[in-house]
file input.cif (mmCIF, C-alpha atoms)
data_start
loop_
_atom_site.label_atom_id
_atom_site.label_comp_id
_atom_site.auth_asym_id
_atom_site.auth_seq_id
_atom_site.Cartn_x
_atom_site.Cartn_y
_atom_site.Cartn_z
CA GLY A 1 42.89 -1.68 -71.66
CA THR A 2 45.49 0.71 -70.28
CA VAL A 3 46.33 4.37 -70.69
CA ILE A 4 49.84 5.53 -69.76
CA ILE A 5 50.30 9.29 -69.42
CA ILE A 6 53.87 10.64 -69.41
CA GLN A 7 53.65 14.29 -68.36
CA ARG A 8 56.30 16.96 -67.90
CA ASN A 9 56.52 18.63 -64.49
CA ALA A 10 54.79 21.94 -63.79
CA LYS A 11 56.91 25.07 -64.15
CA ASP A 12 59.15 25.63 -61.15
CA ASP A 13 60.77 28.61 -59.46
CA ARG A 14 64.17 29.33 -61.03
CA ASP A 15 64.92 32.46 -58.96
CA LYS A 16 68.23 31.43 -57.42
CA SER A 17 67.74 33.84 -54.51
CA SER A 18 64.27 32.49 -53.66
CA GLU A 19 63.59 30.28 -50.65
CA SER A 20 61.34 28.23 -52.93
CA PHE A 21 63.98 27.76 -55.63
CA GLY A 22 63.15 24.54 -57.49
CA ALA A 23 59.59 24.24 -56.17
CA ILE A 24 56.68 24.30 -58.58
CA LEU A 25 55.09 27.75 -58.74
CA PRO A 26 51.84 28.21 -56.75
CA GLU A 27 49.78 29.13 -59.81
CA GLN A 28 51.19 26.08 -61.60
CA ALA A 29 50.28 23.85 -58.66
CA GLU A 30 46.70 25.10 -58.86
CA LYS A 31 46.64 24.65 -62.65
CA THR A 32 47.91 21.07 -62.30
CA GLU A 33 45.30 20.14 -59.70
CA GLN A 34 42.46 21.71 -61.67
CA GLY A 35 43.66 20.04 -64.89
CA ALA A 36 43.74 16.61 -63.25
CA LYS A 37 40.29 17.05 -61.76
CA LYS A 38 38.90 18.14 -65.14
CA PHE A 39 40.54 15.12 -66.80
CA PHE A 40 39.01 12.62 -64.38
CA ASP A 41 35.64 14.38 -64.35
CA ALA A 42 35.55 13.90 -68.13
CA ILE A 43 36.63 10.26 -67.86
CA PHE A 44 33.94 9.45 -65.29
CA SER A 45 31.29 11.29 -67.31
CA GLU A 46 32.24 9.38 -70.47
CA LEU A 47 32.39 5.96 -68.83
CA GLY A 48 29.24 6.26 -66.77
CA PRO A 49 28.67 4.87 -63.24
CA GLU A 50 28.98 1.15 -64.01
CA GLU A 51 32.14 1.34 -66.15
CA THR A 52 33.68 3.83 -63.71
CA LYS A 53 33.61 1.10 -61.07
CA LYS A 54 36.01 -0.90 -63.29
CA LEU A 55 38.69 1.83 -63.47
CA ASP A 56 41.92 1.76 -61.43
CA VAL A 57 44.41 4.66 -61.24
CA MET A 58 48.09 4.82 -60.28
CA VAL A 59 50.38 7.89 -60.15
CA LEU A 60 54.20 7.84 -60.31
CA ALA A 61 56.91 10.49 -60.45
CA GLY A 62 60.62 10.83 -61.05
CA ASP A 63 62.46 11.57 -57.82
CA THR A 64 64.82 14.18 -59.32
CA THR A 65 65.95 17.07 -57.17
CA LEU A 66 66.74 20.17 -59.21
CA THR A 67 70.43 20.65 -60.02
CA MET A 68 71.48 23.52 -62.30
CA GLU A 69 74.40 23.46 -64.72
CA THR A 70 75.97 26.09 -62.44
CA GLY A 71 76.01 23.52 -59.63
CA GLN A 72 73.25 25.15 -57.58
CA ARG A 73 70.95 22.58 -56.04
CA SER A 74 67.44 22.49 -54.63
CA GLU A 75 65.93 19.79 -52.46
CA HIS A 76 62.57 20.21 -54.21
CA LYS A 77 61.43 17.29 -56.37
CA ARG A 78 59.42 19.14 -58.99
CA ALA A 79 57.99 16.01 -60.67
CA VAL A 80 56.91 14.62 -57.30
CA GLU A 81 55.33 17.96 -56.36
CA THR A 82 53.53 17.98 -59.71
CA ALA A 83 52.32 14.41 -59.23
CA GLN A 84 51.01 15.26 -55.77
CA LYS A 85 48.81 17.94 -57.31
CA VAL A 86 47.65 15.42 -59.92
CA ILE A 87 46.66 13.14 -57.04
CA ASP A 88 44.87 15.96 -55.21
CA GLY A 89 42.87 16.78 -58.33
CA ALA A 90 42.13 13.14 -59.07
CA LEU A 91 40.89 12.42 -55.55
CA ALA A 92 38.72 15.54 -55.60
CA SER A 93 37.09 14.13 -58.74
CA PHE A 94 36.79 10.69 -57.12
CA GLU A 95 34.95 12.20 -54.15
CA GLU A 96 32.71 14.46 -56.23
CA ASN A 97 31.75 11.61 -58.56
CA GLY A 98 31.26 9.03 -55.82
CA VAL A 99 34.13 6.81 -57.00
CA ASP A 100 35.47 4.31 -54.47
CA ARG A 101 38.85 5.40 -53.08
CA SER A 102 40.10 1.80 -53.27
CA GLN A 103 40.30 2.25 -57.06
CA PHE A 104 43.12 4.76 -56.49
CA LEU A 105 46.08 2.42 -56.08
CA ASN A 106 48.41 4.91 -54.35
CA ALA A 107 46.37 4.80 -51.13
CA GLN A 108 43.64 2.22 -50.74
CA GLU A 109 43.06 2.47 -47.01
CA GLU A 110 40.70 5.12 -45.71
CA GLY A 111 42.61 7.90 -43.95
CA THR A 112 45.88 7.10 -45.73
CA ILE A 113 47.50 10.06 -47.46
CA ALA A 114 47.89 9.30 -51.14
CA LYS A 115 51.38 10.08 -52.40
CA PRO A 116 53.01 9.40 -55.78
CA PHE A 117 55.22 6.34 -56.13
CA GLU A 118 58.72 7.79 -56.61
CA VAL A 119 60.92 6.09 -59.21
CA SER A 120 64.49 6.88 -60.27
CA GLU A 121 63.90 5.70 -63.85
CA LEU A 122 61.93 8.90 -64.56
CA ILE A 123 64.65 11.34 -63.50
CA ASP A 124 65.84 13.83 -66.09
CA LEU A 125 69.64 13.97 -66.41
CA ARG A 126 71.81 11.52 -64.52
CA MET A 127 74.87 13.53 -65.53
CA MET A 128 73.93 16.36 -63.15
CA GLU A 129 74.40 14.02 -60.19
CA GLU A 130 76.76 11.39 -61.52
CA SER A 131 79.06 13.24 -63.94
CA PRO A 132 80.01 16.69 -62.63
CA GLU A 133 83.29 16.59 -64.59
CA PHE A 134 81.42 16.36 -67.91
CA VAL A 135 78.98 19.07 -66.82
CA GLN A 136 81.93 21.34 -66.09
CA TYR A 137 83.46 20.43 -69.46
CA LEU A 138 80.28 21.61 -71.20
CA VAL A 139 80.10 24.75 -69.05
CA ASP A 140 83.71 25.65 -69.87
CA LYS A 141 83.06 25.20 -73.59
CA TYR A 142 79.48 26.44 -73.99
CA GLY A 143 78.65 28.48 -70.90
CA THR A 144 75.59 28.03 -68.71
CA GLY A 145 72.90 29.26 -71.09
CA LYS A 146 71.04 27.85 -74.07
CA ASP A 147 74.23 26.71 -75.85
CA PHE A 148 74.93 24.31 -72.96
CA TRP A 149 71.62 22.52 -73.46
CA VAL A 150 71.82 22.57 -77.25
CA ALA A 151 75.24 20.91 -77.04
CA TYR A 152 73.93 18.19 -74.76
CA GLU A 153 70.66 17.50 -76.58
CA ALA A 154 72.40 17.38 -79.99
CA ASP A 155 75.21 15.29 -78.44
CA LEU A 156 77.85 17.59 -79.93
CA GLU A 157 80.46 16.22 -77.52
CA LYS A 158 79.61 12.56 -78.01
CA ALA A 159 83.19 11.30 -78.17
CA THR A 160 84.15 13.04 -74.92
CA ARG A 161 80.88 12.03 -73.28
CA GLU A 162 81.36 8.36 -74.13
CA GLU A 163 84.99 8.46 -73.06
CA MET A 164 83.86 9.78 -69.66
CA GLY A 165 81.04 7.21 -69.42
CA VAL A 166 78.23 9.79 -69.26
CA GLU A 167 74.58 9.07 -70.09
CA GLY A 168 73.65 10.74 -73.38
CA PRO A 169 70.29 11.69 -74.90
CA ASN A 170 69.96 8.37 -76.78
CA ASP A 171 70.70 6.53 -73.53
CA ILE A 172 67.91 8.51 -71.85
CA ALA A 173 65.55 7.59 -74.70
CA GLU A 174 66.31 3.90 -74.15
CA ARG A 175 65.95 4.25 -70.37
CA ILE A 176 62.48 5.78 -70.71
CA LYS A 177 61.48 3.25 -73.39
CA HIS A 178 62.55 0.41 -71.11
CA PHE A 179 60.60 1.88 -68.19
CA ILE A 180 57.46 2.34 -70.28
CA GLY A 181 57.86 -1.33 -71.22
CA ILE A 182 57.95 -2.17 -67.50
CA LEU A 183 54.78 -0.14 -66.98
CA ALA A 184 53.11 -2.02 -69.84
CA GLN A 185 54.11 -5.35 -68.30
CA THR A 186 52.87 -4.19 -64.89
CA ALA A 187 49.56 -3.24 -66.50
CA LYS A 188 49.33 -6.66 -68.18
CA GLU A 189 49.84 -8.41 -64.85
CA HIS A 190 47.27 -6.12 -63.24
CA HIS A 191 44.72 -7.02 -65.90
CA THR A 192 45.49 -10.72 -65.50
CA SER A 193 44.76 -10.47 -61.78
CA ASN A 194 41.83 -8.09 -62.32
CA PRO A 195 40.10 -9.06 -65.58
CA ASP A 196 37.53 -6.76 -67.19
CA ARG A 197 39.05 -3.65 -65.61
CA ARG A 198 40.69 -0.50 -67.00
CA LEU A 199 43.93 1.08 -65.77
CA ILE A 200 45.32 4.61 -65.96
CA ILE A 201 49.01 5.06 -65.10
CA TRP A 202 49.96 8.74 -64.76
CA ALA A 203 53.72 9.33 -64.63
CA ASN A 204 55.31 12.74 -64.09
CA SER A 205 58.80 13.29 -65.45
CA HIS A 206 60.82 16.07 -67.14
CA TYR A 207 61.57 17.64 -70.51
CA ASP A 208 65.06 16.12 -70.55
CA SER A 209 63.65 12.61 -70.21
CA ILE A 210 60.44 12.88 -72.26
CA SER A 211 62.04 14.77 -75.17
CA PRO A 212 64.74 12.17 -76.03
CA TYR A 213 62.18 9.34 -75.89
CA VAL A 214 59.66 11.12 -78.12
CA LYS A 215 62.38 12.26 -80.50
CA ALA A 216 63.87 8.77 -80.90
CA HIS A 217 60.85 6.47 -80.66
CA VAL A 218 57.81 8.54 -81.66
CA ALA A 219 58.92 11.38 -83.98
CA LYS A 220 61.88 9.31 -85.25
CA LEU A 221 64.12 12.39 -85.50
CA GLU A 222 67.90 12.32 -85.85
CA SER A 223 70.06 13.29 -82.88
CA ASN A 224 70.94 16.66 -84.43
CA GLU A 225 67.27 17.59 -84.92
CA PHE A 226 65.30 19.31 -82.19
CA LEU A 227 61.89 18.33 -80.90
CA ASN A 228 60.98 21.94 -80.14
CA THR A 229 60.75 22.69 -83.87
CA TYR A 230 58.45 19.71 -84.41
CA CYS A 231 56.42 19.05 -81.29
CA PRO A 232 57.30 21.09 -78.17
CA VAL A 233 57.12 19.36 -74.79
CA ASP A 234 55.98 22.28 -72.67
CA HIS A 235 55.38 22.28 -68.92
CA LEU A 236 52.48 19.93 -68.09
CA ALA A 237 52.51 18.61 -71.67
CA GLY A 238 53.58 15.11 -72.67
CA ILE A 239 52.30 12.02 -74.42
CA THR A 240 49.47 9.56 -73.86
CA ILE A 241 50.02 5.90 -74.73
CA THR A 242 46.96 3.71 -75.21
CA ILE A 243 47.31 -0.07 -74.90
CA ASP A 244 44.29 -2.09 -76.00
CA LYS A 245 43.22 -5.44 -74.54
CA ASP A 246 45.35 -7.25 -77.14
CA GLY A 247 48.52 -5.36 -76.13
CA ASN A 248 48.68 -3.03 -79.14
CA ALA A 249 50.17 0.33 -78.14
CA THR A 250 49.68 3.66 -79.90
CA THR A 251 50.25 7.34 -79.20
CA LYS A 252 49.45 10.54 -81.03
CA LEU A 253 51.94 13.06 -82.38
CA GLY A 254 50.05 16.03 -83.74
CA ASP A 255 47.35 14.49 -85.92
CA GLU A 256 49.34 11.31 -86.57
CA ILE A 257 48.64 8.00 -84.83
CA VAL A 258 51.97 6.26 -84.11
CA GLU A 259 52.23 2.55 -83.32
CA LEU A 260 54.70 1.69 -80.55
CA ASN A 261 56.52 -1.53 -79.82
CA LEU A 262 56.84 -1.70 -76.04
CA SER A 263 58.25 -5.22 -75.88
CA GLU A 264 61.66 -4.65 -77.53
#
call {"tool": "encode", "arguments": {"input": "input.cif", "output": "structure tokens"}}
result
Amino acid sequence: GTVIIIQRNAKDDRDKSSESFGAILPEQAEKTEQGAKKFFDAIFSELGPEETKKLDVMVLAGDTTLTMETGQRSEHKRAVETAQKVIDGALASFEENGVDRSQFLNAQEEGTIAKPFEVSELIDLRMMEESPEFVQYLVDKYGTGKDFWVAYEADLEKATREEMGVEGPNDIAERIKHFIGILAQTAKEHHTSNPDRRLIIWANSHYDSISPYVKAHVAKLESNEFLNTYCPVDHLAGITITIDKDGNATTKLGDEIVELNLSE
């Protein structure tokens, strides 16, 4: 079977005067690495030595660079930086538990530095890069604080947004759903080529991509409802999707098991 983890990036530096503006905070980097190591230590302990040999791992990340609603930009890719710490923690667990490095699909050759596979499908808001006119429209009407983000997430300016051809929250939900479907298909092909093996795909993304997907396809909330009041997606939080050997996909929302259709 397959486990797909969609995790929000670690908290980043939002001090606009800082040289590390947009980079994940040092204490968060350490927390991410330790969390990943603990996760894989537990997996290896549960599976045991023989089943551990049948486990493959792959790590991806959205290649977003931080862009604020004010227009300020950072070259730091906070999801990629988070994923790198996931990799560091995972490989530390691999080494400590005697797991073959070739099972880590990001870098199979000895001496190769393992880096996350960067994918544009996991970016947060395309409008920050592609639609500055709409961003400015929201800023002029709602300011640069919480009201800006409430207006976007609730799609209060849907008519204007659609007229300007801007990606909305429902579009993001469909983008992430489609990409998870691609991951599921990739996993299926991997299992076909490598029968009797397990696969973990760990993907780091952002609140503004995970939240619309969970709201639309897991929690089944309306566009004017907010995920934060139901199931917050905090830094380093997210969802875990389990796909069994027959292709049935489920995730957990609170105490509820939710069936997912990844083929639509």
call {"tool": "residues_around", "arguments": {"input": "input.cif", "residues": "region 25-37 of chain A", "least_positions_apart": "5", "cutoff": "6 Å", "atoms": "only C-alpha atoms", "output": "list in words"}}
result
Ala10, Asp12, Asp13, Lys85, Val86, Gly89, Ala90 and Ser93 of chain A
call {"tool": "closest_atom_pairs", "arguments": {"input": "input.cif", "of": "region 91-181 of chain A", "to": "region 5-9 of chain A", "cutoff": "12 Å", "atoms": "only C-alpha atoms", "output": "tab-separated table"}}
result
residue	atom	partner	partner_atom	distance
A:Leu122	CA	A:Ile6	CA	9.6
A:Ile123	CA	A:Asn9	CA	11.0
A:Asp124	CA	A:Arg8	CA	10.2
A:Ile176	CA	A:Ile6	CA	10.0
A:Lys177	CA	A:Ile6	CA	11.3
A:Phe179	CA	A:Ile6	CA	11.1
A:Ile180	CA	A:Ile6	CA	9.1
call {"tool": "closest_residue", "arguments": {"input": "input.cif", "among": "A:Lys54, A:Arg14, A:Arg175, A:Lys188", "to": "Met68 (chain A)", "atoms": "only C-alpha atoms"}}
result
A:Arg14
call {"tool": "resolve_selection", "arguments": {"input": "input.cif", "expression": "the PyMOL selection byres ((chain A and resi 114) around 12)", "output": "PDB file with C-alpha atoms, in the frame of the given file"}}
result
ATOM      1  CA  VAL A  57      44.410   4.660 -61.240  1.00  0.00           C
ATOM      2  CA  MET A  58      48.090   4.820 -60.280  1.00  0.00           C
ATOM      3  CA  VAL A  59      50.380   7.890 -60.150  1.00  0.00           C
ATOM      4  CA  LEU A  60      54.200   7.840 -60.310  1.00  0.00           C
ATOM      5  CA  ALA A  83      52.320  14.410 -59.230  1.00  0.00           C
ATOM      6  CA  GLN A  84      51.010  15.260 -55.770  1.00  0.00           C
ATOM      7  CA  LYS A  85      48.810  17.940 -57.310  1.00  0.00           C
ATOM      8  CA  VAL A  86      47.650  15.420 -59.920  1.00  0.00           C
ATOM      9  CA  ILE A  87      46.660  13.140 -57.040  1.00  0.00           C
ATOM     10  CA  ASP A  88      44.870  15.960 -55.210  1.00  0.00           C
ATOM     11  CA  GLY A  89      42.870  16.780 -58.330  1.00  0.00           C
ATOM     12  CA  ALA A  90      42.130  13.140 -59.070  1.00  0.00           C
ATOM     13  CA  LEU A  91      40.890  12.420 -55.550  1.00  0.00           C
ATOM     14  CA  ALA A  92      38.720  15.540 -55.600  1.00  0.00           C
ATOM     15  CA  ARG A 101      38.850   5.400 -53.080  1.00  0.00           C
ATOM     16  CA  SER A 102      40.100   1.800 -53.270  1.00  0.00           C
ATOM     17  CA  GLN A 103      40.300   2.250 -57.060  1.00  0.00           C
ATOM     18  CA  PHE A 104      43.120   4.760 -56.490  1.00  0.00           C
ATOM     19  CA  LEU A 105      46.080   2.420 -56.080  1.00  0.00           C
ATOM     20  CA  ASN A 106      48.410   4.910 -54.350  1.00  0.00           C
ATOM     21  CA  ALA A 107      46.370   4.800 -51.130  1.00  0.00           C
ATOM     22  CA  GLN A 108      43.640   2.220 -50.740  1.00  0.00           C
ATOM     23  CA  GLU A 109      43.060   2.470 -47.010  1.00  0.00           C
ATOM     24  CA  GLU A 110      40.700   5.120 -45.710  1.00  0.00           C
ATOM     25  CA  GLY A 111      42.610   7.900 -43.950  1.00  0.00           C
ATOM     26  CA  THR A 112      45.880   7.100 -45.730  1.00  0.00           C
ATOM     27  CA  ILE A 113      47.500  10.060 -47.460  1.00  0.00           C
ATOM     28  CA  LYS A 115      51.380  10.080 -52.400  1.00  0.00           C
ATOM     29  CA  PRO A 116      53.010   9.400 -55.780  1.00  0.00           C
ATOM     30  CA  PHE A 117      55.220   6.340 -56.130  1.00  0.00           C
TER      31      PHE A 117
END
call {"tool": "atom_distance", "arguments": {"input": "input.cif", "atom1": "CA of Asp244 (chain A)", "atom2": "CA of Ala219 (chain A)"}}
result
21.4 Å
call {"tool": "residues_around", "arguments": {"input": "input.cif", "residues": "Thr240 (chain A)", "least_positions_apart": "2", "cutoff": "8 Å", "atoms": "only C-alpha atoms", "output": "list of chain:residue names"}}
result
A:Val3, A:Ile4, A:Ile5, A:Ile6, A:Gly238, A:Thr242, A:Thr251, A:Lys252
call {"tool": "closest_residue", "arguments": {"input": "input.cif", "among": "A:Leu156, A:Gly48, A:Met164, A:Thr192", "to": "Lys141 (chain A)", "atoms": "only C-alpha atoms"}}
result
A:Leu156
call {"tool": "resolve_selection", "arguments": {"input": "input.cif", "expression": "the PyMOL selection byres ((chain A and resi 77) around 12)", "output": "NGL selection string"}}
result
:A and (9-13 or 20-24 or 61-67 or 73-76 or 78-84 or 116 or 118-120 or 122-124 or 204-206)
call {"tool": "residues_near_point", "arguments": {"input": "input.cif", "point": "(82.7, 22.3, -69.1)", "cutoff": "12 Å", "atoms": "all atoms listed in the file", "output": "JSON, numbers by chain"}}
result
{"A": [69, 70, 71, 131, 132, 133, 134, 135, 136, 137, 138, 139, 140, 141, 142, 143, 144, 147, 148, 149, 151, 152, 157, 160, 161]}
call {"tool": "write_last_selection", "arguments": {"input": "input.cif", "atoms": "C-alpha atoms", "output": "PDB file, keeping the file's coordinate frame"}}
result
ATOM      1  CA  GLU A  69      74.400  23.460 -64.720  1.00  0.00           C
ATOM      2  CA  THR A  70      75.970  26.090 -62.440  1.00  0.00           C
ATOM      3  CA  GLY A  71      76.010  23.520 -59.630  1.00  0.00           C
ATOM      4  CA  SER A 131      79.060  13.240 -63.940  1.00  0.00           C
ATOM      5  CA  PRO A 132      80.010  16.690 -62.630  1.00  0.00           C
ATOM      6  CA  GLU A 133      83.290  16.590 -64.590  1.00  0.00           C
ATOM      7  CA  PHE A 134      81.420  16.360 -67.910  1.00  0.00           C
ATOM      8  CA  VAL A 135      78.980  19.070 -66.820  1.00  0.00           C
ATOM      9  CA  GLN A 136      81.930  21.340 -66.090  1.00  0.00           C
ATOM     10  CA  TYR A 137      83.460  20.430 -69.460  1.00  0.00           C
ATOM     11  CA  LEU A 138      80.280  21.610 -71.200  1.00  0.00           C
ATOM     12  CA  VAL A 139      80.100  24.750 -69.050  1.00  0.00           C
ATOM     13  CA  ASP A 140      83.710  25.650 -69.870  1.00  0.00           C
ATOM     14  CA  LYS A 141      83.060  25.200 -73.590  1.00  0.00           C
ATOM     15  CA  TYR A 142      79.480  26.440 -73.990  1.00  0.00           C
ATOM     16  CA  GLY A 143      78.650  28.480 -70.900  1.00  0.00           C
ATOM     17  CA  THR A 144      75.590  28.030 -68.710  1.00  0.00           C
ATOM     18  CA  ASP A 147      74.230  26.710 -75.850  1.00  0.00           C
ATOM     19  CA  PHE A 148      74.930  24.310 -72.960  1.00  0.00           C
ATOM     20  CA  TRP A 149      71.620  22.520 -73.460  1.00  0.00           C
ATOM     21  CA  ALA A 151      75.240  20.910 -77.040  1.00  0.00           C
ATOM     22  CA  TYR A 152      73.930  18.190 -74.760  1.00  0.00           C
ATOM     23  CA  GLU A 157      80.460  16.220 -77.520  1.00  0.00           C
ATOM     24  CA  THR A 160      84.150  13.040 -74.920  1.00  0.00           C
ATOM     25  CA  ARG A 161      80.880  12.030 -73.280  1.00  0.00           C
TER      26      ARG A 161
END
call {"tool": "closest_residue", "arguments": {"input": "input.cif", "among": "A:Asp196, A:Glu130, A:Glu162, A:Asp155", "to": "Asp56 (chain A)", "atoms": "only C-alpha atoms"}}
result
A:Asp196
call {"tool": "closest_residue", "arguments": {"input": "input.cif", "among": "A:His178, A:Asn261, A:Glu167, A:Ala203", "to": "Ala237 (chain A)", "atoms": "all atoms listed in the file"}}
result
A:Ala203
call {"tool": "atom_distance", "arguments": {"input": "input.cif", "atom1": "CA of Leu199 (chain A)", "atom2": "CA of Leu55 (chain A)"}}
result
5.8 Å
call {"tool": "closest_residue", "arguments": {"input": "input.cif", "among": "A:Lys158, A:Gly247, A:Pro212, A:Ser17", "to": "Glu189 (chain A)", "atoms": "all atoms listed in the file"}}
result
A:Gly247
call {"tool": "resolve_selection", "arguments": {"input": "input.cif", "expression": "the PyMOL selection byres ((chain A and resi 259) around 9)", "output": "tab-separated table (two decimals) with C-alpha atoms, in the frame of the given file"}}
result
chain	number	residue	atom	x	y	z
A	218	VAL	CA	57.81	8.54	-81.66
A	248	ASN	CA	48.68	-3.03	-79.14
A	249	ALA	CA	50.17	0.33	-78.14
A	250	THR	CA	49.68	3.66	-79.90
A	251	THR	CA	50.25	7.34	-79.20
A	252	LYS	CA	49.45	10.54	-81.03
A	257	ILE	CA	48.64	8.00	-84.83
A	258	VAL	CA	51.97	6.26	-84.11
A	260	LEU	CA	54.70	1.69	-80.55
A	261	ASN	CA	56.52	-1.53	-79.82
call {"tool": "atom_distance", "arguments": {"input": "input.cif", "atom1": "CA of Thr52 (chain A)", "atom2": "CA of Glu95 (chain A)"}}
result
12.8 Å
